Amino acid sequence: MLEDVRTRWHPIAATDDLPLRHVFHGQLLGREFAVWRADDGYVNVWENRCLHRGVRLSIGINDGRELKCQYHGWRYSNRTAGCTYIPAHPADAPARTITNRSFQAVERYGLVWSSEDPRGDLPVVEGIGEDDLLVLRAIPVNASAELVAQRLQSYRFQPNSEIAGTGTNIELVAATEAAVALRSCQGRAETLGVFFVQPVDSGRSVIRGVLSGRPNDAQLTAVLRYHNEALSKLREDLEREAAALPVPVPIEPIFERVSEELASLPELDSRGRKAAIRVQVARKWQTADGIMAFELRPIRGLLPTFQPGAHIDVHLPNGLVRQYSLTNGPGETDRFTIGVKLDPASRGGSQCLHDSVREGDVLAISEPRNNFPLRRDALKTIFVAGGIGVTPLLAMAQTLNNQSLAYELHYFAQNEQQLAFSECRQALGNAVMPHLGLSPSDTVNELRRLLSPYLPDTQLYICGPNPMLESTRSLAAEAGWPEAAVHFEYFKNTNVIDDSSSFEVALARSCLTIKVGAGQSILEAMRDAGVDLPSSCEQGACGTCLATVIEGEPDHQDVYLSPSERASGTKIMTCVSRSKSARLVIDA
Amino acid sequence: MAKTRCLDPVVLNLWHPLGALVELPVDTVVDTVLLEERLSLAVGLGREVAVWRSCPDFVAGDKIDVASVSKSLPAKVAFGYLWASLGSPPDELFPIPEYEETDRRRLNAATFGVNVSAPRAIENFLDMGHFPYVHTDILGVEPHTEVKEYDVDISVERDEILATRCRFFQPLASSASETGAEVEYIFRVPHPYCSVLYKSSPVNDARYDVIAVFMQPLSQESVRAHMMLCILDEDNEDKVIKRFQQTIFGQDKPILENQFPKRLPLDPRAETPIRADKSAIAYRRWLSQKDVRYGVIPASY
Amino acid sequence: MIKLYDYELSGNCYKLRLLMSILGVDYKTVPVDFYPGREHKSEWFLKLNPLGQLPVVDDDGLVLRDAQAILVYLAAKYDAAGTWYPRDNPELLGEISQWLAFADGITSTASAARLHDALFYDFDINTARAGAHRLFRILDEHLWFGERQERQWICSAKQPTIADIACFPYIMLSEEGGISRQDYPAIRRWCDRIKRINGFIVMSGVFPAGPAKAA
Ligand SMILES: N[C@@H](CCC(=O)N[C@@H](CS)C(=O)NCC(=O)O)C(=O)O
Ligand code: FES
Ligand SMILES: [Fe+2]
């Protein structure tokens, strides 16, 4: 019986219950919901329980894009319900799979509908037009849905235009345990009233009435008041009746357990270069000289949760795989937006996207991966972008902007026409500062000015062409920036990789020793041995194939690790780096 | 032994706090509840105590000679509170050596009723990550949200959880500092329903203020939380010190009462821990190992 | 300067802290050990307020008790714009007084339930809770119809009045007395609106709201 009820759609709120920046507290069959509308209009129906320590999310904060838990400030994204930030560990990117349980939501008849496990479509109500109806004030009743639905059958009301009259003729059009439809006729006046009964818990329900026909403004309030009064009267009777019955045991909702891996918080385990997601190019436009923007929308379902700084692998029709940073702000989960600069020296990646890929085309992409995580615990954050390097920094800037955290985005380019994503920059206002047409030496002077003096609790994020990145890093070091406060992402590794050595790698967790020969990477050798590791750029720039070194001396050839990470000898990028010692033990 | 509602022998055999001695009227019957059991208690002028299952012979407010109570449950006084047990408690309660230091201010900041299980409340007490969000501008402030690496041990000789090297950025670290500073904490959980924290003292670098919470379980999902302060402070009036502590606890209360389920789930997959929750993970494991069942949802396998 | 005899966890004292913060009025607090010390029943305090209740305000020698009375005084005296208690609008003053009395009803029900659960007062908890729910139903209905008539606040003025301040605290704290607000969505939205008033401050047990969407 309960099973049957659980698979049905029920109204859980009125559309008007969800103004922007509010969290509605709902409940269905004992299960509580936090229901909130994002600024983009999307209605989120979530389990009312933070995955971290079980605090109700209905007391959290809807910032328009994300819902923030009151206890430890974890942030969950619009649509995906994935956790995007854990403030206690500002330097980490939370595992994407920390995803709150969410339920489907449909807005119809002025109500928000949901279900624990919906089978089939929302019921269609004959005689109620989507644009010509009146939603009554919901009446919560301390009585079982069954009893309420029964007693509603004898509800009496006048048609909308005749509420002052009496003696109407009432016809019972339909009655189920979930709704009662009544038609009230008097002369030529006629109103259909459908009264849905939301089963809140075993002994609690909400009557959600919808009338056919929207009265004119003069009568509107009178009709609403009329029903409010009559239904309140019905409630009184119902509650008196229910109070005489034995108190039903509340329904205990069953909470899903979190996945095994989350319980112990290991690393991510998406392996290899998988292109798990199909997207459609919904929009392609020239956003700056030589830069095309692509808006990718899911073919089916939702896109996965992403964090600022994340990139995706795009698998191109010509077989190439390229990495692009997402430029989306928080909560923009209906699409991924990337910017692609035409590289004259292109090996065919940007060329293909610019020339061959069109709106409507389907592409395969990987899950977003974040190897360039954004801290949000700085008093101020400085972003330095060179050219197309602006893309991850735009995502980051929007994030800080959304949380009212202080930042500056310095955007270096040759001229105005080369500045990409103007809409997004405009929304960020004065915090975005273009620096145009500077010579290399003027650029250095400008950067030196921007980076000094170093102030504590400031973080620096740099993304741009390699020479600019290198000089910004050294200028920051000169100005006294600690290495830990300087974050960077290279587009590519321009080092010439020396893969002439051969050595042995012991994989500690897999209890396997493999030989890495000249011309072969550790990553390739591992895959040959059946041990998979996630990877993305495969040229030592993106950080995805990172492994922990337990023993031996790595021969670093990547551009991802910082000098101190390199010096520590505990990390290695397995796609390009090798071993100086004859044997290397890694945790894999 | 009379029938009890709590069937957890581990919890029945513990000492439980019932009230602050200074707040109890002398030679007078006072009623309370422990583990869903109605109890009565009385304190004599010489701090002699008696606790018994409530009976119609003595009702709250009656005058009574403590020595005349024949069927007292195990009862004792420690840290300024009256403790009792419904089972066979150990001789000694856990120690708080600092309580004996004579230059300290020792007081009950308050006893508050909270609709939550005792273990949820203890876990909240061990948690630093919520400071900027729940105790904004007092114990923490955004954007300083990081919980730095700390150490957790289960001390073998004492059978208690010990979290050390805990540090957190605090805006009002002391009345003397204006910029905020990192404050150091040590947390102890020497009893399933009690916790003691040590916090660097603003008036003496070398010593710690001691703050303890002792949970009196009324039922599986409700407690009386007793807050003991044992601190170095020569300037402030008692009521100012209490006000500070009550403000803090008042901020935690709505969080605790909005946690779901109210009993602490011991299944490691019931909720999602992060590194900052190391001490909570240790606490949940420790409760599991002790086979505590009251106020928790035991892991089912 | 105004002296507020104050207890941090008292919703009635919070009403005054809240209004004074919104109006930008300077004041200092005199902490009263309401719990566990029962200082409001001490000899010195009874001289100030023979009812033995918080809050009490002393403004340059003018000693006033009762939160609602003090709200009237503070708004009438210190609100330069005159919107919180519009002295020259009899209809509105009538409405405000009506809801101030309602707020006192919330104190004797919702606050009583909280005192029972949190501070072990010997009240009949079921009566207190039922009484609070009865009032919340009335207020939710009033606010729901208000939203349909573009009335955002309790009284029919464009701006909030002291009636809103008087009703807010013990509604926000009701869950501490075991009174859920789940069935009162219009009240929950109104609480968000109050939290977004310029100068709003919290007390222990009340969380702030996030920013409203910029227009
Ligand atoms: N009508 C009074 C009621 C004040 C009231 O109930 N105050 C509480 C503290 S919040 C109190 O002092 N109660 C003690 C008592 O009534 O004995 C007002 O609004 O100020
Ligand atoms: S319980 Fe929600 S963030 Fe910790
Ligand atoms: Fe806390």
# chains A, B, ... in the order shown; residues from 1 in each chain; ligands from 1

$ select_by_dssp --residues "chain C" --states "strand (DSSP E)" --output "ChimeraX atom specification"
/C:2-6,27-31,56-59,62-65

$ interface_residues --of "chain A" --to "chain B" --cutoff "10 Å" --atoms "only C-alpha atoms" --output "PyMOL selection string"
chain A and resi 48-59+69-73+86-91+94+98+255-265+375-380+405+457

$ closest_residue --among "C:Arg151, C:Lys41, C:Ser204, C:Ala113" --to "ligand 3" --atoms "only C-alpha atoms and all ligand atoms"
C:Ser204

$ residues_around --residues "Pro434 in chain A" --least-positions-apart "3" --cutoff "9 Å" --atoms "only C-alpha atoms" --output "number ranges by chain"
A: 409-413, 416, 419

$ residues_around --residues "range 422-432 of chain A" --least-positions-apart "2" --cutoff "12 Å" --atoms "only C-alpha atoms" --output "PyMOL selection string"
chain A and resi 286-288+293+327-329+337+380-385+390-391+393-402+404-412+416-420+434-435

$ interface_residues --of "chain B" --to "chain C" --cutoff "10 Å" --atoms "only C-alpha atoms" --output "count of residues only"
35

$ closest_atom_pairs --of "chain C" --to "ligand 1" --cutoff "7 Å" --atoms "only C-alpha atoms and all ligand atoms" --output "Markdown table"
| residue | atom | partner | partner_atom_place_in_ligand_line | distance |
| --- | --- | --- | --- | --- |
| C:Ser10 | CA | ligand 1 | 10 (S) | 4.3 |
| C:Gly11 | CA | ligand 1 | 10 (S) | 5.7 |
| C:Asn12 | CA | ligand 1 | 10 (S) | 4.7 |
| C:Cys13 | CA | ligand 1 | 10 (S) | 6.4 |
| C:His40 | CA | ligand 1 | 12 (O) | 6.5 |
| C:Gly52 | CA | ligand 1 | 17 (O) | 5.6 |
| C:Gln53 | CA | ligand 1 | 12 (O) | 3.1 |
| C:Leu54 | CA | ligand 1 | 12 (O) | 3.8 |
| C:Pro55 | CA | ligand 1 | 20 (O) | 5.5 |
| C:Arg65 | CA | ligand 1 | 20 (O) | 6.3 |
| C:Asp66 | CA | ligand 1 | 20 (O) | 3.2 |
| C:Ala67 | CA | ligand 1 | 20 (O) | 3.7 |
| C:Gln68 | CA | ligand 1 | 19 (O) | 5.5 |
| C:Asp104 | CA | ligand 1 | 1 (N) | 5.7 |
| C:Thr107 | CA | ligand 1 | 6 (O) | 6.5 |

$ residues_around --residues "Ala157 in chain C" --least-positions-apart "2" --cutoff "10 Å" --atoms "only C-alpha atoms" --output "list in words"
Thr83, Trp84, Pro86, Leu92, Glu95, Arg151, Gln152, Trp153, Ile154, Cys155, Gln159, Pro160 and Thr161 of chain C

$ atom_distance --atom1 "CA of Leu231 in chain A" --atom2 "CA of Ala138 in chain A"
9.2 Å

$ select_by_dssp --residues "range 363-444 of chain A" --states "helix (DSSP H, G or I)" --output "ChimeraX atom specification"
/A:387-402,416-418,422-431,440-444

$ write_last_selection --atoms "N, CA and C atoms" --output "JSON list (two decimals), in the first residue's frame"
[["chain", "number", "residue", "atom", "x", "y", "z"],
["A", 387, "GLY", "N", 45.45, 36.11, -21.92],
["A", 387, "GLY", "CA", 44.72, 35.59, -23.06],
["A", 387, "GLY", "C", 43.67, 34.58, -22.67],
["A", 388, "ILE", "N", 43.68, 33.42, -23.33],
["A", 388, "ILE", "CA", 42.66, 32.41, -23.11],
["A", 388, "ILE", "C", 42.76, 31.78, -21.71],
["A", 389, "GLY", "N", 43.86, 32.06, -21.02],
["A", 389, "GLY", "CA", 44.03, 31.60, -19.64],
["A", 389, "GLY", "C", 42.96, 32.15, -18.71],
["A", 390, "VAL", "N", 42.15, 33.04, -19.22],
["A", 390, "VAL", "CA", 41.11, 33.63, -18.39],
["A", 390, "VAL", "C", 40.03, 32.62, -18.03],
["A", 391, "THR", "N", 39.89, 31.54, -18.82],
["A", 391, "THR", "CA", 38.70, 30.69, -18.65],
["A", 391, "THR", "C", 38.53, 30.10, -17.24],
["A", 392, "PRO", "N", 39.52, 29.39, -16.67],
["A", 392, "PRO", "CA", 39.26, 28.86, -15.32],
["A", 392, "PRO", "C", 39.11, 29.99, -14.31],
["A", 393, "LEU", "N", 39.81, 31.10, -14.56],
["A", 393, "LEU", "CA", 39.78, 32.20, -13.60],
["A", 393, "LEU", "C", 38.42, 32.90, -13.60],
["A", 394, "LEU", "N", 37.74, 32.87, -14.74],
["A", 394, "LEU", "CA", 36.39, 33.44, -14.77],
["A", 394, "LEU", "C", 35.46, 32.62, -13.87],
["A", 395, "ALA", "N", 35.60, 31.31, -13.96],
["A", 395, "ALA", "CA", 34.78, 30.45, -13.09],
["A", 395, "ALA", "C", 35.06, 30.76, -11.63],
["A", 396, "MET", "N", 36.34, 30.93, -11.33],
["A", 396, "MET", "CA", 36.73, 31.20, -9.94],
["A", 396, "MET", "C", 36.20, 32.56, -9.48],
["A", 397, "ALA", "N", 36.36, 33.56, -10.36],
["A", 397, "ALA", "CA", 35.93, 34.91, -10.00],
["A", 397, "ALA", "C", 34.43, 34.94, -9.71],
["A", 398, "GLN", "N", 33.67, 34.22, -10.53],
["A", 398, "GLN", "CA", 32.23, 34.20, -10.30],
["A", 398, "GLN", "C", 31.89, 33.55, -8.96],
["A", 399, "THR", "N", 32.70, 32.57, -8.59],
["A", 399, "THR", "CA", 32.47, 31.90, -7.31],
["A", 399, "THR", "C", 32.70, 32.85, -6.14],
["A", 400, "LEU", "N", 33.82, 33.54, -6.18],
["A", 400, "LEU", "CA", 34.11, 34.47, -5.08],
["A", 400, "LEU", "C", 33.09, 35.61, -5.07],
["A", 401, "ASN", "N", 32.74, 36.05, -6.27],
["A", 401, "ASN", "CA", 31.76, 37.12, -6.37],
["A", 401, "ASN", "C", 30.43, 36.70, -5.72],
["A", 402, "ASN", "N", 30.04, 35.47, -5.97],
["A", 402, "ASN", "CA", 28.79, 34.96, -5.43],
["A", 402, "ASN", "C", 28.82, 34.90, -3.90],
["A", 416, "GLU", "N", 41.32, 45.16, -26.93],
["A", 416, "GLU", "CA", 39.93, 44.98, -26.53],
["A", 416, "GLU", "C", 39.28, 43.77, -27.22],
["A", 417, "GLN", "N", 39.56, 43.62, -28.50],
["A", 417, "GLN", "CA", 38.91, 42.57, -29.29],
["A", 417, "GLN", "C", 39.33, 41.17, -28.84],
["A", 418, "GLN", "N", 40.43, 41.12, -28.12],
["A", 418, "GLN", "CA", 40.89, 39.80, -27.69],
["A", 418, "GLN", "C", 40.30, 39.37, -26.34],
["A", 422, "SER", "N", 32.48, 38.65, -22.68],
["A", 422, "SER", "CA", 32.17, 39.98, -22.16],
["A", 422, "SER", "C", 30.97, 39.99, -21.22],
["A", 423, "GLU", "N", 29.94, 39.16, -21.49],
["A", 423, "GLU", "CA", 28.74, 39.18, -20.62],
["A", 423, "GLU", "C", 29.14, 38.83, -19.20],
["A", 424, "CYS", "N", 29.95, 37.78, -19.12],
["A", 424, "CYS", "CA", 30.38, 37.29, -17.83],
["A", 424, "CYS", "C", 31.23, 38.36, -17.13],
["A", 425, "ARG", "N", 32.12, 39.00, -17.87],
["A", 425, "ARG", "CA", 32.97, 40.01, -17.26],
["A", 425, "ARG", "C", 32.15, 41.20, -16.77],
["A", 426, "GLN", "N", 31.13, 41.54, -17.58],
["A", 426, "GLN", "CA", 30.30, 42.68, -17.18],
["A", 426, "GLN", "C", 29.60, 42.40, -15.85],
["A", 427, "ALA", "N", 29.13, 41.16, -15.71],
["A", 427, "ALA", "CA", 28.43, 40.81, -14.47],
["A", 427, "ALA", "C", 29.36, 40.93, -13.27],
["A", 428, "LEU", "N", 30.65, 40.77, -13.49],
["A", 428, "LEU", "CA", 31.59, 40.85, -12.38],
["A", 428, "LEU", "C", 31.99, 42.29, -12.07],
["A", 429, "GLY", "N", 31.71, 43.19, -13.02],
["A", 429, "GLY", "CA", 31.92, 44.61, -12.74],
["A", 429, "GLY", "C", 33.39, 45.01, -12.65],
["A", 430, "ASN", "N", 33.65, 45.92, -11.72],
["A", 430, "ASN", "CA", 34.97, 46.54, -11.64],
["A", 430, "ASN", "C", 36.08, 45.63, -11.16],
["A", 431, "ALA", "N", 35.71, 44.48, -10.65],
["A", 431, "ALA", "CA", 36.76, 43.59, -10.16],
["A", 431, "ALA", "C", 37.57, 43.02, -11.30],
["A", 440, "PRO", "N", 56.18, 43.23, -23.46],
["A", 440, "PRO", "CA", 56.61, 42.28, -22.44],
["A", 440, "PRO", "C", 57.22, 42.97, -21.22],
["A", 441, "SER", "N", 58.01, 44.00, -21.43],
["A", 441, "SER", "CA", 58.64, 44.62, -20.26],
["A", 441, "SER", "C", 57.62, 45.42, -19.46],
["A", 442, "ASP", "N", 56.67, 46.06, -20.16],
["A", 442, "ASP", "CA", 55.62, 46.77, -19.41],
["A", 442, "ASP", "C", 54.75, 45.79, -18.64],
["A", 443, "THR", "N", 54.53, 44.64, -19.24],
["A", 443, "THR", "CA", 53.74, 43.61, -18.55],
["A", 443, "THR", "C", 54.43, 43.23, -17.25],
["A", 444, "VAL", "N", 55.75, 43.04, -17.33],
["A", 444, "VAL", "CA", 56.51, 42.68, -16.12],
["A", 444, "VAL", "C", 56.37, 43.78, -15.08]]

$ interface_residues --of "chain C" --to "chain A" --cutoff "8 Å" --atoms "only C-alpha atoms" --output "list of chain:residue names"
C:Trp144, C:Phe145, C:Arg148, C:Gln182, C:Asp183, C:Pro185, C:Ala186, C:Arg189, C:Asp192, C:Ala209, C:Gly210, C:Pro211, C:Ala212, C:Lys213

$ residues_around --residues "His133 in chain C" --least-positions-apart "6" --cutoff "9 Å" --atoms "only C-alpha atoms" --output "CSV table (one decimal) with all heavy atoms, in the first residue's frame"
chain,number,residue,atom,x,y,z
C,109,THR,N,3.0,31.4,25.2
C,109,THR,CA,2.8,30.1,24.7
C,109,THR,C,4.1,29.5,24.2
C,109,THR,O,4.7,28.6,24.8
C,109,THR,CB,1.7,30.1,23.5
C,109,THR,OG1,2.1,31.0,22.6
C,109,THR,CG2,0.4,30.4,24.1
C,110,ALA,N,4.6,30.1,23.0
C,110,ALA,CA,5.8,29.6,22.4
C,110,ALA,C,7.0,29.7,23.4
C,110,ALA,O,7.9,28.8,23.5
C,110,ALA,CB,6.1,30.3,21.1
C,179,ILE,N,8.1,23.3,18.9
C,179,ILE,CA,7.0,23.8,18.0
C,179,ILE,C,7.6,24.0,16.6
C,179,ILE,O,8.3,25.0,16.3
C,179,ILE,CB,6.4,25.1,18.5
C,179,ILE,CG1,5.9,24.8,19.9
C,179,ILE,CG2,5.3,25.6,17.6
C,179,ILE,CD1,5.8,26.1,20.8
C,180,SER,N,7.3,23.1,15.7
C,180,SER,CA,7.8,23.2,14.3
C,180,SER,C,7.1,24.2,13.6
C,180,SER,O,5.9,24.5,13.8
C,180,SER,CB,7.7,21.8,13.6
C,180,SER,OG,7.8,22.0,12.2
C,181,ARG,N,7.8,24.9,12.6
C,181,ARG,CA,7.2,25.9,11.8
C,181,ARG,C,6.9,25.4,10.4
C,181,ARG,O,6.6,26.1,9.5
C,181,ARG,CB,8.0,27.2,11.7
C,181,ARG,CG,8.1,27.9,13.0
C,181,ARG,CD,8.9,29.2,12.9
C,181,ARG,NE,10.3,29.0,12.5
C,181,ARG,CZ,11.2,28.7,13.4
C,181,ARG,NH1,11.0,28.5,14.6
C,181,ARG,NH2,12.5,28.5,12.9

$ residues_around --residues "range 194-198 of chain B" --least-positions-apart "5" --cutoff "10 Å" --atoms "only C-alpha atoms" --output "ChimeraX atom specification"
/B:16-17,94,96,98,118-119,121-123,125-126,160-164,184-189,207-216,225-231

$ decode --residues "range 290-300 of chain B" --atoms "all heavy atoms" --output "PDB file, in the first residue's frame"
ATOM      1  N   LYS B 290      32.851  -0.026  22.501  1.00  0.00           N
ATOM      2  CA  LYS B 290      32.333  -0.195  23.860  1.00  0.00           C
ATOM      3  C   LYS B 290      30.954  -0.833  23.848  1.00  0.00           C
ATOM      4  O   LYS B 290      30.411  -1.148  24.881  1.00  0.00           O
ATOM      5  CB  LYS B 290      32.190   1.173  24.541  1.00  0.00           C
ATOM      6  CG  LYS B 290      33.472   1.817  24.907  1.00  0.00           C
ATOM      7  CD  LYS B 290      33.130   3.099  25.657  1.00  0.00           C
ATOM      8  CE  LYS B 290      34.294   3.623  26.449  1.00  0.00           C
ATOM      9  NZ  LYS B 290      35.046   2.603  27.178  1.00  0.00           N
ATOM     10  N   ASP B 291      30.381  -0.927  22.652  1.00  0.00           N
ATOM     11  CA  ASP B 291      29.040  -1.467  22.493  1.00  0.00           C
ATOM     12  C   ASP B 291      27.990  -0.583  23.175  1.00  0.00           C
ATOM     13  O   ASP B 291      27.028  -1.070  23.763  1.00  0.00           O
ATOM     14  CB  ASP B 291      28.967  -2.904  23.020  1.00  0.00           C
ATOM     15  CG  ASP B 291      27.794  -3.650  22.410  1.00  0.00           C
ATOM     16  OD1 ASP B 291      27.342  -3.234  21.319  1.00  0.00           O
ATOM     17  OD2 ASP B 291      27.307  -4.611  23.024  1.00  0.00           O
ATOM     18  N   VAL B 292      28.185   0.721  23.105  1.00  0.00           N
ATOM     19  CA  VAL B 292      27.166   1.652  23.595  1.00  0.00           C
ATOM     20  C   VAL B 292      25.980   1.594  22.645  1.00  0.00           C
ATOM     21  O   VAL B 292      26.157   1.605  21.422  1.00  0.00           O
ATOM     22  CB  VAL B 292      27.735   3.085  23.670  1.00  0.00           C
ATOM     23  CG1 VAL B 292      26.623   4.104  23.883  1.00  0.00           C
ATOM     24  CG2 VAL B 292      28.767   3.186  24.765  1.00  0.00           C
ATOM     25  N   ARG B 293      24.783   1.485  23.162  1.00  0.00           N
ATOM     26  CA  ARG B 293      23.605   1.381  22.300  1.00  0.00           C
ATOM     27  C   ARG B 293      22.579   2.477  22.562  1.00  0.00           C
ATOM     28  O   ARG B 293      21.730   2.746  21.729  1.00  0.00           O
ATOM     29  CB  ARG B 293      22.925   0.025  22.489  1.00  0.00           C
ATOM     30  CG  ARG B 293      23.861  -1.042  22.070  1.00  0.00           C
ATOM     31  CD  ARG B 293      23.423  -2.437  22.229  1.00  0.00           C
ATOM     32  NE  ARG B 293      24.288  -3.201  21.340  1.00  0.00           N
ATOM     33  CZ  ARG B 293      23.923  -3.604  20.130  1.00  0.00           C
ATOM     34  NH1 ARG B 293      22.722  -3.376  19.684  1.00  0.00           N
ATOM     35  NH2 ARG B 293      24.768  -4.265  19.378  1.00  0.00           N
ATOM     36  N   TYR B 294      22.662   3.074  23.733  1.00  0.00           N
ATOM     37  CA  TYR B 294      21.662   4.075  24.104  1.00  0.00           C
ATOM     38  C   TYR B 294      22.066   5.435  23.529  1.00  0.00           C
ATOM     39  O   TYR B 294      23.190   5.895  23.720  1.00  0.00           O
ATOM     40  CB  TYR B 294      21.569   4.156  25.621  1.00  0.00           C
ATOM     41  CG  TYR B 294      20.316   4.818  26.138  1.00  0.00           C
ATOM     42  CD1 TYR B 294      19.112   4.131  26.211  1.00  0.00           C
ATOM     43  CD2 TYR B 294      20.351   6.151  26.555  1.00  0.00           C
ATOM     44  CE1 TYR B 294      17.966   4.739  26.695  1.00  0.00           C
ATOM     45  CE2 TYR B 294      19.200   6.770  27.040  1.00  0.00           C
ATOM     46  CZ  TYR B 294      18.018   6.054  27.100  1.00  0.00           C
ATOM     47  OH  TYR B 294      16.886   6.664  27.581  1.00  0.00           O
ATOM     48  N   GLY B 295      21.151   6.047  22.776  1.00  0.00           N
ATOM     49  CA  GLY B 295      21.450   7.363  22.191  1.00  0.00           C
ATOM     50  C   GLY B 295      22.187   7.268  20.869  1.00  0.00           C
ATOM     51  O   GLY B 295      22.568   8.283  20.304  1.00  0.00           O
ATOM     52  N   VAL B 296      22.409   6.051  20.390  1.00  0.00           N
ATOM     53  CA  VAL B 296      23.083   5.889  19.101  1.00  0.00           C
ATOM     54  C   VAL B 296      22.237   4.969  18.222  1.00  0.00           C
ATOM     55  O   VAL B 296      21.320   4.311  18.695  1.00  0.00           O
ATOM     56  CB  VAL B 296      24.496   5.275  19.247  1.00  0.00           C
ATOM     57  CG1 VAL B 296      25.356   6.108  20.169  1.00  0.00           C
ATOM     58  CG2 VAL B 296      24.410   3.836  19.732  1.00  0.00           C
ATOM     59  N   ILE B 297      22.559   4.944  16.931  1.00  0.00           N
ATOM     60  CA  ILE B 297      22.010   3.921  16.056  1.00  0.00           C
ATOM     61  C   ILE B 297      23.172   2.999  15.756  1.00  0.00           C
ATOM     62  O   ILE B 297      24.087   3.371  15.020  1.00  0.00           O
ATOM     63  CB  ILE B 297      21.438   4.535  14.762  1.00  0.00           C
ATOM     64  CG1 ILE B 297      20.355   5.553  15.122  1.00  0.00           C
ATOM     65  CG2 ILE B 297      20.886   3.450  13.847  1.00  0.00           C
ATOM     66  CD1 ILE B 297      19.851   6.340  13.930  1.00  0.00           C
ATOM     67  N   PRO B 298      23.200   1.829  16.379  1.00  0.00           N
ATOM     68  CA  PRO B 298      24.377   0.966  16.234  1.00  0.00           C
ATOM     69  C   PRO B 298      24.569   0.569  14.778  1.00  0.00           C
ATOM     70  O   PRO B 298      23.594   0.461  14.028  1.00  0.00           O
ATOM     71  CB  PRO B 298      24.028  -0.266  17.079  1.00  0.00           C
ATOM     72  CG  PRO B 298      22.870   0.129  17.928  1.00  0.00           C
ATOM     73  CD  PRO B 298      22.153   1.212  17.198  1.00  0.00           C
ATOM     74  N   ALA B 299      25.806   0.381  14.385  1.00  0.00           N
ATOM     75  CA  ALA B 299      26.074  -0.149  13.051  1.00  0.00           C
ATOM     76  C   ALA B 299      25.528  -1.567  13.043  1.00  0.00           C
ATOM     77  O   ALA B 299      25.689  -2.307  14.005  1.00  0.00           O
ATOM     78  CB  ALA B 299      27.569  -0.141  12.785  1.00  0.00           C
ATOM     79  N   SER B 300      24.874  -1.937  11.931  1.00  0.00           N
ATOM     80  CA  SER B 300      24.083  -3.163  12.011  1.00  0.00           C
ATOM     81  C   SER B 300      24.875  -4.420  11.663  1.00  0.00           C
ATOM     82  O   SER B 300      24.319  -5.474  11.562  1.00  0.00           O
ATOM     83  CB  SER B 300      22.869  -3.036  11.102  1.00  0.00           C
ATOM     84  OG  SER B 300      23.288  -2.567   9.849  1.00  0.00           O
TER      85      SER B 300
END
